[in-house]
Structure formats: C-alpha cells, structure tokens
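Q: Structure file work32.cif, mmCIF, C-alpha atoms, is pasted below:
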data_query
loop_
_atom_site.label_atom_id
_atom_site.label_comp_id
_atom_site.auth_asym_id
_atom_site.auth_seq_id
_atom_site.Cartn_x
_atom_site.Cartn_y
_atom_site.Cartn_z
CA MET Q 1 175.01 -25.61 37.60
CA THR Q 2 174.31 -22.03 38.67
CA LYS Q 3 176.67 -19.40 39.96
CA GLN Q 4 176.83 -19.02 43.73
CA ILE Q 5 176.95 -15.75 45.60
CA TYR Q 6 179.47 -15.60 48.45
CA SER Q 7 179.85 -13.34 51.47
CA ILE Q 8 183.15 -11.63 52.17
CA SER Q 9 183.99 -14.25 54.81
CA ALA Q 10 183.13 -17.15 52.51
CA LEU Q 11 185.23 -15.63 49.72
CA ALA Q 12 188.17 -15.25 52.10
CA VAL Q 13 187.94 -18.95 52.99
CA GLU Q 14 187.46 -20.12 49.37
CA LEU Q 15 190.32 -18.00 48.08
CA GLY Q 16 192.64 -18.48 51.04
CA ARG Q 17 192.93 -14.73 51.51
CA ASP Q 18 192.68 -12.50 54.55
CA ARG Q 19 189.11 -11.31 55.16
CA ARG Q 20 190.25 -7.66 55.36
CA THR Q 21 192.01 -7.97 51.99
CA VAL Q 22 188.87 -9.34 50.34
CA ALA Q 23 186.69 -6.70 52.02
CA GLY Q 24 189.03 -3.93 50.87
CA ALA Q 25 189.04 -5.18 47.28
CA LEU Q 26 185.25 -5.39 47.20
CA ASP Q 27 184.61 -2.14 49.05
CA ARG Q 28 183.76 -0.19 45.88
CA VAL Q 29 182.44 -3.10 43.83
CA VAL Q 30 178.68 -3.29 43.30
CA PRO Q 31 177.42 -6.50 44.93
CA ASP Q 32 176.01 -9.21 42.68
CA GLY Q 33 173.26 -9.93 45.19
CA MET Q 34 172.55 -10.75 48.79
CA VAL Q 35 173.43 -13.77 50.94
CA LYS Q 36 171.51 -15.17 53.88
CA GLY Q 37 171.23 -12.66 56.67
CA GLY Q 38 170.84 -9.75 54.24
CA HIS Q 39 174.55 -9.17 53.67
CA ARG Q 40 176.05 -8.16 50.35
CA GLY Q 41 177.43 -10.96 48.21
CA TRP Q 42 179.55 -11.44 45.10
CA TYR Q 43 180.20 -14.14 42.55
CA LEU Q 44 183.62 -15.74 42.72
CA GLN Q 45 184.47 -14.24 39.31
CA THR Q 46 183.62 -10.73 40.55
CA ALA Q 47 185.81 -11.17 43.62
CA LEU Q 48 188.73 -12.47 41.58
CA LYS Q 49 188.54 -9.46 39.26
CA ALA Q 50 188.48 -7.10 42.25
CA LEU Q 51 191.46 -8.83 43.85
CA LYS Q 52 193.43 -8.50 40.61
CA ALA Q 53 192.86 -4.76 41.04
CA GLU Q 54 191.79 -4.22 37.48
CA PRO Q 55 191.45 -0.53 36.72
CA PRO Q 56 187.85 0.63 37.10
CA ARG Q 57 185.87 1.03 33.90
CA GLN Q 58 185.53 4.57 32.67
CA PHE Q 59 182.60 6.45 34.14
CA ASP Q 60 179.62 6.58 31.79
CA PRO Q 61 177.56 9.72 32.50
CA SER Q 62 174.56 8.25 30.68
CA ASP Q 63 174.21 5.72 33.50
CA GLY Q 64 171.92 6.93 36.25
CA PRO Q 65 170.91 10.36 37.52
CA LEU Q 66 173.71 12.27 35.86
CA GLY Q 67 172.57 11.04 32.46
CA THR Q 68 169.03 12.16 33.22
CA MET Q 69 170.27 15.62 34.19
CA LEU Q 70 172.42 15.89 31.07
CA ASP Q 71 169.43 14.94 28.90
CA ARG Q 72 167.36 17.57 30.65
CA LEU Q 73 170.07 20.17 30.07
CA GLU Q 74 170.05 19.42 26.35
CA SER Q 75 166.24 19.55 26.10
CA TRP Q 76 165.38 22.21 28.67
CA ARG Q 77 163.42 24.41 26.24
CA GLU Q 78 161.18 21.54 25.19
CA ILE Q 79 160.71 20.31 28.76
CA TYR Q 80 159.98 23.66 30.37
CA SER Q 81 158.07 25.45 27.62
CA GLY Q 82 154.44 26.17 28.42
CA LYS Q 83 152.52 25.73 31.62
CA PRO Q 84 153.59 22.80 33.83
CA LEU Q 85 151.21 19.86 33.69
CA ASP Q 86 150.00 18.66 37.08
CA LEU Q 87 149.09 14.96 37.12
CA SER Q 88 147.15 12.78 39.53
CA ILE Q 89 148.79 9.67 40.98
CA GLU Q 90 146.82 7.51 38.55
CA GLU Q 91 147.85 9.59 35.52
CA MET Q 92 151.49 9.51 36.59
CA ALA Q 93 151.34 5.75 37.15
CA GLU Q 94 149.95 5.21 33.66
CA ILE Q 95 152.62 7.39 32.03
CA ILE Q 96 155.57 5.65 33.71
CA GLY Q 97 154.09 2.14 33.74
CA HIS Q 98 154.02 1.53 37.48
CA PRO Q 99 151.03 0.83 39.73
CA ALA Q 100 149.41 3.81 41.45
CA SER Q 101 150.17 2.11 44.79
CA SER Q 102 153.90 2.35 43.99
CA VAL Q 103 153.63 6.06 43.21
CA LEU Q 104 151.89 6.61 46.57
CA THR Q 105 154.69 4.66 48.29
CA TRP Q 106 157.25 6.95 46.62
CA LEU Q 107 155.38 10.03 47.84
CA ARG Q 108 155.43 8.65 51.37
CA ALA Q 109 159.19 8.10 50.98
CA GLY Q 110 159.91 11.68 49.87
CA CYS Q 111 159.15 11.93 46.16
CA PRO Q 112 158.39 15.61 45.40
CA TYR Q 113 154.89 16.76 44.48
CA ALA Q 114 153.29 20.00 43.23
CA LYS Q 115 150.24 19.81 45.52
CA ARG Q 116 149.91 17.84 48.72
CA GLY Q 117 147.16 15.28 48.95
CA ASP Q 118 146.09 12.61 51.42
CA PHE Q 119 149.07 10.38 52.28
CA GLU Q 120 146.69 7.64 53.40
CA THR Q 121 144.68 7.35 50.17
CA GLY Q 122 146.64 9.40 47.63
CA ASP Q 123 143.60 11.55 46.84
CA GLY Q 124 144.33 15.13 45.85
CA PHE Q 125 148.04 14.85 45.03
CA LYS Q 126 149.26 16.69 41.95
CA LEU Q 127 152.58 15.60 40.50
CA ARG Q 128 155.00 16.99 37.97
CA ALA Q 129 156.40 14.29 35.71
CA PRO Q 130 160.00 15.64 35.57
CA TRP Q 131 160.19 15.71 39.37
CA VAL Q 132 158.89 12.16 39.74
CA VAL Q 133 161.18 10.86 37.00
CA ASP Q 134 164.21 12.53 38.61
CA TRP Q 135 163.36 11.07 42.02
CA LEU Q 136 162.69 7.62 40.59
CA CYS Q 137 165.88 7.62 38.51
CA SER Q 138 168.05 8.77 41.43
CA THR Q 139 166.50 6.41 43.96
CA SER Q 140 166.63 3.42 41.61
CA PHE Q 141 170.26 4.16 40.79
CA ILE Q 142 171.21 4.35 44.46
CA ALA Q 143 169.36 1.12 45.22
CA ARG Q 144 171.00 -0.67 42.28
CA LYS Q 145 174.51 0.52 43.12
CA SER Q 146 174.15 -0.29 46.81
CA GLY Q 147 172.81 -3.76 46.12
CA ASP Q 148 170.13 -3.22 48.77
CA VAL Q 149 167.47 -5.47 47.27
CA ALA Q 150 165.28 -5.39 50.38
CA SER Q 151 165.04 -1.58 50.44
CA ALA Q 152 164.41 -1.44 46.70
CA ALA Q 153 161.53 -3.89 47.15
CA LYS Q 154 160.13 -1.93 50.08
CA LEU Q 155 160.23 1.25 47.96
CA GLN Q 156 158.57 -0.68 45.08
CA LEU Q 157 161.26 0.36 42.60
#
Can you turn what I pasted into structure tokens?
A:
Amino acid sequence: MTKQIYSISALAVELGRDRRTVAGALDRVVPDGMVKGGHRGWYLQTALKALKAEPPRQFDPSDGPLGTMLDRLESWREIYSGKPLDLSIEEMAEIIGHPASSVLTWLRAGCPYAKRGDFETGDGFKLRAPWVVDWLCSTSFIARKSGDVASAAKLQL
C-alpha cells in the first residue's frame, strides 16, 4: 500500500476538522505533492504533525540559497581571483550536468548572462558560472519549497 496525498478539503473530512483549521495548520508546511486539479497536497502524517503544532525545526542555513551565499562568502578570494571565465551555453550545461536546452530555458526565464545572445537558438550567449549557479539554486529552492511541480517542470529544474 502506498501513501496517499490529500487536499486540504479531503484532510478536513478525513480528520473531522474544520477546513479553515486544517488550512491554517498547513499554511507554512511544504506540500508533499500535488492532487488532481494542480492543488497542493499533504500526506495524512504531515497534516497530523502540523495540527499538533509541533515547533518548527531549526532553520538550517546550508539549505538553499542562503547556504550558497555563505559558501561564496567563505571562498570569495578563490571564486573571484583572476579574470572571469565566460562560458557558452554548451560549456555551462556540461559543467552543471544539465542539457543545453535547459540552460536556454533558464535564460529565457531570467537567468543572468554576461553577454546577450540569440534567445531563439542560444547562439552567442556568454555565461558566468557563479551567476547561473546562484540563479539555479535560488529558483530550485523556491520551486521545491512552494511545491509547484508544474512550474519546476516547465523551467526544467
């Protein structure tokens, strides 16, 4: 048997609780997935923990964009010494292990670049690895925390 993901309304019915109470408890809880219709959903266990109002776990700065920035702060001399290296879309894709088509999608969605190229083909773009990594880390973190699986897929994260 596999776990089932429930909507807020379904959880309210299953748990015999007011829908607004369940919604309030889950307001700041990262969804476990999506239910039909594209709405956020949670496992029953997740909802029960939220309704018990357990204290939130301590913030871990190594999780997400803040961790990336803290790492950069520690290693700034190493990162910024010498002339910046400008990379093509293909070179960037190889370094980070994603398809070049994904990197072009990110550029179309606002990922920063050092030199503008052709948004249709990707030709001529020059990228700086730290900028792309920052954008990718931040965007992936936001997508993961929001539970917006459809947007994450559209952005090819």
Q: Do you have the CA of Leu15 (chain Q)-CA of Ser146 (chain Q) distance handy?
A: 24.0 Å
Q: Could you pull the residues within 10 Å of Val29 (chain Q), counting all atoms listed in the file, minus those fewer than 2 positions along the same chain, as JSON, numbers by chain?
A: {"Q": [23, 24, 25, 26, 27, 31, 32, 42, 46, 47, 49, 50, 56, 145, 146, 147]}
Q: Write the selection just made, keeping C-alpha atoms, as a short mmCIF file (atom, residue, chain, number, x, y, z; two decimals), keeping the file's coordinate frame?
A:
data_model
loop_
_atom_site.label_atom_id
_atom_site.label_comp_id
_atom_site.auth_asym_id
_atom_site.auth_seq_id
_atom_site.Cartn_x
_atom_site.Cartn_y
_atom_site.Cartn_z
CA ALA Q 23 186.69 -6.70 52.02
CA GLY Q 24 189.03 -3.93 50.87
CA ALA Q 25 189.04 -5.18 47.28
CA LEU Q 26 185.25 -5.39 47.20
CA ASP Q 27 184.61 -2.14 49.05
CA PRO Q 31 177.42 -6.50 44.93
CA ASP Q 32 176.01 -9.21 42.68
CA TRP Q 42 179.55 -11.44 45.10
CA THR Q 46 183.62 -10.73 40.55
CA ALA Q 47 185.81 -11.17 43.62
CA LYS Q 49 188.54 -9.46 39.26
CA ALA Q 50 188.48 -7.10 42.25
CA PRO Q 56 187.85 0.63 37.10
CA LYS Q 145 174.51 0.52 43.12
CA SER Q 146 174.15 -0.29 46.81
CA GLY Q 147 172.81 -3.76 46.12
#
Q: Please write the residues picked by the PyMOL selection byres ((chain Q and resi 138) around 12) on this file as a ChimeraX atom specification.
A: /Q:63-69,111,131-137,139-145,157
Q: Just C-alpha atoms for this one: save the residues we selected as a short mmCIF file (atom, residue, chain, number, x, y, z; two decimals), in the coordinates of the input.
A:
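And here's again.cif as it stands now:
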data_model
loop_
_atom_site.label_atom_id
_atom_site.label_comp_id
_atom_site.auth_asym_id
_atom_site.auth_seq_id
_atom_site.Cartn_x
_atom_site.Cartn_y
_atom_site.Cartn_z
CA ASP Q 63 174.21 5.72 33.50
CA GLY Q 64 171.92 6.93 36.25
CA PRO Q 65 170.91 10.36 37.52
CA LEU Q 66 173.71 12.27 35.86
CA GLY Q 67 172.57 11.04 32.46
CA THR Q 68 169.03 12.16 33.22
CA MET Q 69 170.27 15.62 34.19
CA CYS Q 111 159.15 11.93 46.16
CA TRP Q 131 160.19 15.71 39.37
CA VAL Q 132 158.89 12.16 39.74
CA VAL Q 133 161.18 10.86 37.00
CA ASP Q 134 164.21 12.53 38.61
CA TRP Q 135 163.36 11.07 42.02
CA LEU Q 136 162.69 7.62 40.59
CA CYS Q 137 165.88 7.62 38.51
CA THR Q 139 166.50 6.41 43.96
CA SER Q 140 166.63 3.42 41.61
CA PHE Q 141 170.26 4.16 40.79
CA ILE Q 142 171.21 4.35 44.46
CA ALA Q 143 169.36 1.12 45.22
CA ARG Q 144 171.00 -0.67 42.28
CA LYS Q 145 174.51 0.52 43.12
CA LEU Q 157 161.26 0.36 42.60
#
Q: I'd like the neighbourhood of region 38-41 of chain Q as a list in words, where a residue qualifies if any of its atoms comes within 6 Å (using all atoms listed in the file), though same-chain residues fewer than 3 positions away should be ignored.
A: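 The residues that qualify are Ile5, Tyr6, Ser7, Pro31, Asp32, Gly33, Met34 and Val35 of chain Q.
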Q: May I have the residues from that selection written out with C-alpha atoms, as a compact mmCIF listing (two decimals), in the frame of the given file?
A:
# COMPACT_ATOMS: atom_id res chain seq x y z
CA ILE Q 5 176.95 -15.75 45.60
CA TYR Q 6 179.47 -15.60 48.45
CA SER Q 7 179.85 -13.34 51.47
CA PRO Q 31 177.42 -6.50 44.93
CA ASP Q 32 176.01 -9.21 42.68
CA GLY Q 33 173.26 -9.93 45.19
CA MET Q 34 172.55 -10.75 48.79
CA VAL Q 35 173.43 -13.77 50.94
Q: Just so the selection is clear, what residues does the PyMOL selection byres ((chain Q and resi 112) around 12) cover here, as a list in words?
A: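 With the PyMOL selection byres ((chain Q and resi 112) around 12) on this model, the match is Val103, Leu104, Thr105, Trp106, Leu107, Arg108, Ala109, Gly110, Cys111, Tyr113, Ala114, Lys115, Arg116, Gly117, Phe125, Lys126, Leu127, Arg128, Ala129, Pro130, Trp131, Val132, Val133, Asp134, Trp135 and Leu136 of chain Q.
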Q: For the atom pair CA of Ala153 (chain Q) and CA of Leu87 (chain Q), what is the interatomic distance in Å to one decimal place?
A: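 Those two atoms sit 24.7 Å apart.
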Q: Let me make sure I understand: among Q:Leu51, Q:Ile95, Q:Ile89, Q:Leu73, which one has the smallest atom-to-atom distance to Asp18 (chain Q) if we use only C-alpha atoms?
A: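 Smallest distance to Asp18 (chain Q) is found for Q:Leu51.
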Q: Please, what distance in Å, to one decimal, runs between CA of Lys83 (chain Q) and CA of Ala100 (chain Q)?
A: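 Answer for the CA of Lys83 (chain Q) to CA of Ala100 (chain Q) separation: 24.2 Å.
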Q: Between Q:Glu14, Q:Glu120, Q:Asp148, Q:Asp86, which residue has the minimum interatomic distance to Leu48 (chain Q), considering all atoms listed in the file?
A: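 Of Q:Glu14, Q:Glu120, Q:Asp148, Q:Asp86, the one nearest Leu48 (chain Q), counting all atoms listed in the file, is Q:Glu14.
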